[in-house]
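Colleague: I have a structure I would like to understand better, so I am pasting it below and will then ask my questions one at a time.
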Amino acid sequence: MAEIVDAGGGDGKGKKKAKKTPARIDMTPMVDLAFLLLTFFVLAATLAKPKTLEIIYPKKAEDDTTKTKVNFQLATTLLLGEKENEIFYYSGMYKPDSTEIYLTDFSKDGFRKIMLDKNERVNSRVNQLKQLLQEKKIPESQYEDEYKKVVGDSLAPFVVVKTVDKTKYKNVINAIDELNLVNVRKRAIQDMAETEAIAVRQKASELKLDKK
Amino acid sequence: MAKIKVPKSAPSLDMTPMVDLAFLLVTFFMLTAKFRNMEPVEANPPASTSLTQLPENVMLITVDTAGRAFFDISGKGTRTKLLERMMVRYPGVKFNQDQIDQFSVMGTFGQPIEALPGYISAEGDAKEKLDKNSKGIPLDSLNNQLADWIIEGYAAFVEDAQANGMTMDDLKKNGLRYALKADSETDYEKVQKVVDVFRSKEIFQFNMVTNLKGSGDNADAKLTAN
């Protein structure tokens, strides 16, 4: 080991005795660092993968004859306006003079509650299936097939999400997410018709939404 | 009676095995960690309750609040083949070998193909400036480069997968997926423009990148749904 030998000025008392005890290094700082790094990498590794929400868009319809015929009694239309809180809905077909549009939101008691009621039949079937799956009475693959059948039922309610150019992307994602939660798989994203856009603007100014 | 002698030295614990383990884990995580490339654009995606993870083989288009489109695709082999295919499609744009190599490991980019060679070679501040001033990948009907990237990206992926011995069945299960990452404040119209480019190429299924909503919110949702 490196040692400075003091040559001059020795008083002749003899060599210093080498210590007999084994060398000990304080490892605490090193261990601290190791654990710090460990924590960092563990967290970074698990947080890295982002989540995704699947959306399937329809094919572009060439003309009106190729469009799917729908039963408007089962329809709910969600209108997403320009502002974040301009979220309206109406049921059935839109008639410019008589259709009333209602304000809603994406909270627990907002649009979710409305759709839970409308989609009750499907939801109770889905919950039955989920229970069967949890009790391991049906395999996962059968659950998925059955689930598709239930949510794709011809009498299941469907939702049209209508947007304007300035609709915030966040609202569209929120809407789709809500529909996933209430098991509405029959849905579409469309552009808002001019008459609907006017109704939204009118209603929004009536309720003074922009002042909030 | 003899008294029991209490040792004077401080109690010491042998930490060696613990430290060994800690370092082993550190080494493991360090080696397995894949560092994300610097993203040229900041897009803060909205939150959702979806738990689907971002697929492995993915083509990712990022849209920022200004509506600029940025392109990214996973797989080094795919990227090399993609650039080769784009060079055939745009013979006027020249890449040297060094640039092709760099492209294969690069992340997201948002440059028109004419500016791409210069962008790949740029570094540091110059690159940042290019990102800032870029108008994104052109996607209007006159000069729809995004559509070319999409279709050639798909072709390059399939070519690379077959070169690696993937069968059609593997491709069905683990094929190329299309992800869209947009800032939550983006106007939907701008996202729709990108979606429409995909739709014109007969691609209809997307994975929208989202953050996970707070677990409390999620639990609420489950309660209500039951």
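Naming works like this for the structure tokens: A, B, ... for the chains as they're shown, residue 1 at the start of each chain, ligands 1 onward in shown order.
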Which residues of chain B come within 9 Å of chain A, and what is each one's closest atom pair and distance in Å (one decimal), counting only C-alpha atoms, sorted by chain and residue number, as JSON lines?
Modeller:
```
{"residue": "B:Met15", "atom": "CA", "partner": "A:Met27", "partner_atom": "CA", "distance": 8.6}
{"residue": "B:Met18", "atom": "CA", "partner": "A:Val31", "partner_atom": "CA", "distance": 8.9}
{"residue": "B:Val19", "atom": "CA", "partner": "A:Val31", "partner_atom": "CA", "distance": 6.2}
{"residue": "B:Ala22", "atom": "CA", "partner": "A:Ala34", "partner_atom": "CA", "distance": 6.3}
{"residue": "B:Phe23", "atom": "CA", "partner": "A:Ala34", "partner_atom": "CA", "distance": 6.2}
{"residue": "B:Leu25", "atom": "CA", "partner": "A:Leu38", "partner_atom": "CA", "distance": 6.7}
{"residue": "B:Val26", "atom": "CA", "partner": "A:Leu38", "partner_atom": "CA", "distance": 4.9}
{"residue": "B:Thr27", "atom": "CA", "partner": "A:Leu38", "partner_atom": "CA", "distance": 8.6}
{"residue": "B:Phe29", "atom": "CA", "partner": "A:Phe41", "partner_atom": "CA", "distance": 5.8}
{"residue": "B:Met30", "atom": "CA", "partner": "A:Phe41", "partner_atom": "CA", "distance": 6.7}
{"residue": "B:Thr32", "atom": "CA", "partner": "A:Ala45", "partner_atom": "CA", "distance": 8.6}
{"residue": "B:Ala33", "atom": "CA", "partner": "A:Ala45", "partner_atom": "CA", "distance": 6.5}
{"residue": "B:Lys34", "atom": "CA", "partner": "A:Ala45", "partner_atom": "CA", "distance": 8.4}
{"residue": "B:Arg36", "atom": "CA", "partner": "A:Ala48", "partner_atom": "CA", "distance": 8.8}
{"residue": "B:Pro45", "atom": "CA", "partner": "A:Lys170", "partner_atom": "CA", "distance": 7.9}
{"residue": "B:Pro46", "atom": "CA", "partner": "A:Lys170", "partner_atom": "CA", "distance": 5.4}
{"residue": "B:Ala47", "atom": "CA", "partner": "A:Asn174", "partner_atom": "CA", "distance": 7.7}
{"residue": "B:Ser48", "atom": "CA", "partner": "A:Asp177", "partner_atom": "CA", "distance": 6.0}
{"residue": "B:Thr49", "atom": "CA", "partner": "A:Asp177", "partner_atom": "CA", "distance": 6.7}
{"residue": "B:Ser50", "atom": "CA", "partner": "A:Leu53", "partner_atom": "CA", "distance": 5.6}
{"residue": "B:Leu51", "atom": "CA", "partner": "A:Lys51", "partner_atom": "CA", "distance": 5.9}
{"residue": "B:Thr52", "atom": "CA", "partner": "A:Thr52", "partner_atom": "CA", "distance": 5.4}
{"residue": "B:Gln53", "atom": "CA", "partner": "A:Lys51", "partner_atom": "CA", "distance": 4.6}
{"residue": "B:Leu54", "atom": "CA", "partner": "A:Lys51", "partner_atom": "CA", "distance": 5.7}
{"residue": "B:Pro55", "atom": "CA", "partner": "A:Thr52", "partner_atom": "CA", "distance": 8.7}
{"residue": "B:Ala179", "atom": "CA", "partner": "A:Thr52", "partner_atom": "CA", "distance": 8.0}
{"residue": "B:Leu180", "atom": "CA", "partner": "A:Thr52", "partner_atom": "CA", "distance": 9.0}
{"residue": "B:Ala182", "atom": "CA", "partner": "A:Tyr169", "partner_atom": "CA", "distance": 7.6}
{"residue": "B:Asp183", "atom": "CA", "partner": "A:Tyr169", "partner_atom": "CA", "distance": 7.5}
{"residue": "B:Ser184", "atom": "CA", "partner": "A:Lys170", "partner_atom": "CA", "distance": 4.5}
{"residue": "B:Glu185", "atom": "CA", "partner": "A:Lys168", "partner_atom": "CA", "distance": 5.6}
{"residue": "B:Thr186", "atom": "CA", "partner": "A:Tyr169", "partner_atom": "CA", "distance": 5.5}
{"residue": "B:Asp187", "atom": "CA", "partner": "A:Lys168", "partner_atom": "CA", "distance": 4.8}
{"residue": "B:Tyr188", "atom": "CA", "partner": "A:Tyr169", "partner_atom": "CA", "distance": 4.7}
{"residue": "B:Glu189", "atom": "CA", "partner": "A:Asp165", "partner_atom": "CA", "distance": 4.6}
{"residue": "B:Lys190", "atom": "CA", "partner": "A:Asp165", "partner_atom": "CA", "distance": 8.0}
{"residue": "B:Val191", "atom": "CA", "partner": "A:Tyr169", "partner_atom": "CA", "distance": 7.5}
{"residue": "B:Val195", "atom": "CA", "partner": "A:Tyr57", "partner_atom": "CA", "distance": 8.5}
{"residue": "B:Arg199", "atom": "CA", "partner": "A:Lys59", "partner_atom": "CA", "distance": 7.0}
{"residue": "B:Ser200", "atom": "CA", "partner": "A:Lys60", "partner_atom": "CA", "distance": 8.2}
{"residue": "B:Glu202", "atom": "CA", "partner": "A:Lys59", "partner_atom": "CA", "distance": 7.6}
{"residue": "B:Ile203", "atom": "CA", "partner": "A:Tyr57", "partner_atom": "CA", "distance": 8.6}
{"residue": "B:Phe204", "atom": "CA", "partner": "A:Tyr57", "partner_atom": "CA", "distance": 5.0}
{"residue": "B:Gln205", "atom": "CA", "partner": "A:Ile56", "partner_atom": "CA", "distance": 4.4}
{"residue": "B:Phe206", "atom": "CA", "partner": "A:Ile55", "partner_atom": "CA", "distance": 5.3}
{"residue": "B:Asn207", "atom": "CA", "partner": "A:Glu54", "partner_atom": "CA", "distance": 4.4}
{"residue": "B:Met208", "atom": "CA", "partner": "A:Leu53", "partner_atom": "CA", "distance": 4.9}
{"residue": "B:Val209", "atom": "CA", "partner": "A:Thr52", "partner_atom": "CA", "distance": 4.3}
{"residue": "B:Thr210", "atom": "CA", "partner": "A:Thr52", "partner_atom": "CA", "distance": 5.2}
{"residue": "B:Asn211", "atom": "CA", "partner": "A:Lys51", "partner_atom": "CA", "distance": 6.1}
{"residue": "B:Leu212", "atom": "CA", "partner": "A:Lys51", "partner_atom": "CA", "distance": 6.5}
{"residue": "B:Asp217", "atom": "CA", "partner": "A:Lys108", "partner_atom": "CA", "distance": 8.8}
{"residue": "B:Asp220", "atom": "CA", "partner": "A:Lys108", "partner_atom": "CA", "distance": 7.6}
{"residue": "B:Ala221", "atom": "CA", "partner": "A:Leu181", "partner_atom": "CA", "distance": 7.1}
{"residue": "B:Lys222", "atom": "CA", "partner": "A:Leu181", "partner_atom": "CA", "distance": 7.8}
{"residue": "B:Thr224", "atom": "CA", "partner": "A:Lys108", "partner_atom": "CA", "distance": 7.9}
{"residue": "B:Ala225", "atom": "CA", "partner": "A:Val182", "partner_atom": "CA", "distance": 6.3}
{"residue": "B:Asn226", "atom": "CA", "partner": "A:Asn127", "partner_atom": "CA", "distance": 6.7}
```
Colleague: So which residues of segment 169-209 of chain A fall under alpha helix (DSSP H) by DSSP, listed as a ChimeraX atom specification?
Modeller: /A:169-181,194-206
Colleague: I'd like the neighbourhood of Thr80 of chain B as a PyMOL selection string, where a residue qualifies if any of its atoms comes within 9 Å (using only C-alpha atoms), though same-chain residues fewer than 6 positions away should be ignored.
Modeller: chain B and resi 100-101+103-105+156
Colleague: Need the shell around Leu130 of chain B: protein/DNA/RNA residues with any atom at most 10 Å away, counting only C-alpha atoms. Skip same-chain ones fewer than 4 positions apart. Format as a list in words?
Modeller: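 Contacts, in chain order: Pro40, Gly110, Gln111, Ala115, Gly118, Tyr119, Ala122, Glu123, Asp125, Ala126, Ser134 and Lys135 of chain B.
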Colleague: I'd like the neighbourhood of Val200 of chain A as an MDAnalysis selection string, where a residue qualifies if any of its atoms comes within 8 Å (using only C-alpha atoms), though same-chain residues fewer than 5 positions away should be ignored.
Modeller: chainID A and resid 79 81 86 88 101
Colleague: Would you output that residue set with N, CA, C and O atoms, as a PDB file, in the first residue's frame?
Modeller:
```
ATOM      1  N   LEU A  79     -73.263  15.588 -28.303  1.00  0.00           N
ATOM      2  CA  LEU A  79     -72.749  16.721 -29.072  1.00  0.00           C
ATOM      3  C   LEU A  79     -71.612  17.368 -28.292  1.00  0.00           C
ATOM      4  O   LEU A  79     -71.807  17.811 -27.158  1.00  0.00           O
ATOM      5  N   GLY A  81     -69.243  20.422 -28.100  1.00  0.00           N
ATOM      6  CA  GLY A  81     -69.083  21.762 -28.648  1.00  0.00           C
ATOM      7  C   GLY A  81     -67.646  22.236 -28.616  1.00  0.00           C
ATOM      8  O   GLY A  81     -66.721  21.471 -28.351  1.00  0.00           O
ATOM      9  N   GLU A  86     -68.889  22.271 -22.986  1.00  0.00           N
ATOM     10  CA  GLU A  86     -70.092  22.238 -23.828  1.00  0.00           C
ATOM     11  C   GLU A  86     -70.370  20.817 -24.285  1.00  0.00           C
ATOM     12  O   GLU A  86     -69.978  20.415 -25.373  1.00  0.00           O
ATOM     13  N   PHE A  88     -73.452  18.170 -24.751  1.00  0.00           N
ATOM     14  CA  PHE A  88     -74.911  18.029 -24.760  1.00  0.00           C
ATOM     15  C   PHE A  88     -75.283  16.669 -25.317  1.00  0.00           C
ATOM     16  O   PHE A  88     -74.495  16.021 -25.987  1.00  0.00           O
ATOM     17  N   ILE A 101     -82.116  19.601 -26.469  1.00  0.00           N
ATOM     18  CA  ILE A 101     -80.810  19.040 -26.113  1.00  0.00           C
ATOM     19  C   ILE A 101     -80.498  19.367 -24.660  1.00  0.00           C
ATOM     20  O   ILE A 101     -80.894  20.411 -24.148  1.00  0.00           O
TER      21      ILE A 101
END
```
Colleague: Would you mind reading off the distance between atom CA of Phe70 of chain B and atom CA of Ala188 of chain A, one decimal, in Å?
Modeller: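 Atom-to-atom, atom CA of Phe70 of chain B and atom CA of Ala188 of chain A are spaced 25.9 Å apart.
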Colleague: Report as JSON, numbers by chain all protein, DNA and RNA residues lying within 8 Å of Met86 of chain B, evaluated on only C-alpha atoms, omitting residues in the same chain fewer than 2 positions from it.
Modeller: {"B": [82, 83, 84, 88, 89, 90, 148, 149, 152]}
Colleague: Just all heavy atoms for this one: save the residues we selected as a short mmCIF file (atom, residue, chain, number, x, y, z; two decimals), in the first residue's frame.
Modeller:
```
data_model
loop_
_atom_site.label_atom_id
_atom_site.label_comp_id
_atom_site.auth_asym_id
_atom_site.auth_seq_id
_atom_site.Cartn_x
_atom_site.Cartn_y
_atom_site.Cartn_z
N LEU B 82 -37.71 0.87 -44.50
CA LEU B 82 -38.64 1.97 -44.78
C LEU B 82 -37.93 3.10 -45.51
O LEU B 82 -38.42 3.62 -46.52
CB LEU B 82 -39.26 2.48 -43.47
CG LEU B 82 -40.00 3.80 -43.52
CD1 LEU B 82 -41.20 3.71 -44.46
CD2 LEU B 82 -40.49 4.20 -42.14
N LEU B 83 -36.75 3.46 -45.02
CA LEU B 83 -36.04 4.57 -45.65
C LEU B 83 -35.61 4.20 -47.07
O LEU B 83 -35.67 5.03 -47.98
CB LEU B 83 -34.83 4.98 -44.81
CG LEU B 83 -34.27 6.36 -45.16
CD1 LEU B 83 -35.31 7.43 -44.91
CD2 LEU B 83 -33.02 6.69 -44.37
N GLU B 84 -35.21 2.94 -47.26
CA GLU B 84 -34.84 2.50 -48.60
C GLU B 84 -36.02 2.65 -49.56
O GLU B 84 -35.89 3.12 -50.69
CB GLU B 84 -34.39 1.03 -48.58
CG GLU B 84 -32.94 0.87 -48.12
CD GLU B 84 -32.63 -0.54 -47.70
OE1 GLU B 84 -33.46 -1.45 -47.93
OE2 GLU B 84 -31.53 -0.75 -47.12
N VAL B 88 -36.70 5.22 -52.94
CA VAL B 88 -37.17 4.84 -54.28
C VAL B 88 -38.32 5.75 -54.69
O VAL B 88 -38.42 6.20 -55.83
CB VAL B 88 -37.62 3.36 -54.28
CG1 VAL B 88 -38.19 2.99 -55.64
CG2 VAL B 88 -36.45 2.46 -53.93
N ARG B 89 -39.20 6.04 -53.74
CA ARG B 89 -40.37 6.86 -54.02
C ARG B 89 -40.00 8.32 -54.27
O ARG B 89 -40.63 9.02 -55.04
CB ARG B 89 -41.35 6.76 -52.86
CG ARG B 89 -42.80 6.79 -53.30
CD ARG B 89 -43.66 6.58 -52.09
NE ARG B 89 -44.35 5.32 -52.13
CZ ARG B 89 -45.66 5.23 -52.37
NH1 ARG B 89 -46.38 6.31 -52.57
NH2 ARG B 89 -46.25 4.06 -52.38
N TYR B 90 -38.99 8.78 -53.56
CA TYR B 90 -38.54 10.17 -53.72
C TYR B 90 -37.08 10.16 -54.19
O TYR B 90 -36.18 10.36 -53.39
CB TYR B 90 -38.65 10.95 -52.41
CG TYR B 90 -40.07 11.17 -51.97
CD1 TYR B 90 -40.70 10.24 -51.17
CD2 TYR B 90 -40.77 12.31 -52.35
CE1 TYR B 90 -42.02 10.43 -50.75
CE2 TYR B 90 -42.08 12.50 -51.94
CZ TYR B 90 -42.70 11.56 -51.14
OH TYR B 90 -43.99 11.75 -50.75
N ASP B 148 -47.54 8.28 -47.74
CA ASP B 148 -46.43 7.46 -48.24
C ASP B 148 -45.68 6.79 -47.10
O ASP B 148 -45.33 5.62 -47.19
CB ASP B 148 -45.45 8.34 -49.05
CG ASP B 148 -46.09 8.82 -50.35
OD1 ASP B 148 -47.05 8.17 -50.80
OD2 ASP B 148 -45.63 9.84 -50.89
N TRP B 149 -45.43 7.55 -46.04
CA TRP B 149 -44.74 6.97 -44.88
C TRP B 149 -45.55 5.81 -44.32
O TRP B 149 -45.01 4.77 -43.94
CB TRP B 149 -44.53 8.02 -43.78
CG TRP B 149 -43.40 8.96 -44.03
CD1 TRP B 149 -43.51 10.30 -44.32
CD2 TRP B 149 -42.00 8.69 -43.99
NE1 TRP B 149 -42.27 10.86 -44.47
CE2 TRP B 149 -41.32 9.90 -44.28
CE3 TRP B 149 -41.25 7.54 -43.75
CZ2 TRP B 149 -39.93 9.99 -44.32
CZ3 TRP B 149 -39.86 7.62 -43.79
CH2 TRP B 149 -39.23 8.83 -44.09
N GLU B 152 -45.58 2.77 -46.91
CA GLU B 152 -44.25 2.17 -47.01
C GLU B 152 -43.82 1.59 -45.67
O GLU B 152 -43.10 0.60 -45.61
CB GLU B 152 -43.23 3.21 -47.49
CG GLU B 152 -43.45 3.73 -48.90
CD GLU B 152 -43.37 2.66 -49.98
OE1 GLU B 152 -43.08 1.50 -49.66
OE2 GLU B 152 -43.63 2.99 -51.14
#
```
Colleague: Which value, in Å to one decimal, gives the distance between atom CA of Gln202 of chain A and atom CA of Phe111 of chain A?
Modeller: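 According to the coordinates, atom CA of Gln202 of chain A and atom CA of Phe111 of chain A are separated by 20.5 Å.
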Colleague: Would you work out the distance separating atom CA of Ser91 of chain A from atom CA of Ala75 of chain A, expressed in Å to one decimal?
Modeller: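 Result for atom CA of Ser91 of chain A versus atom CA of Ala75 of chain A: 6.0 Å, one decimal.
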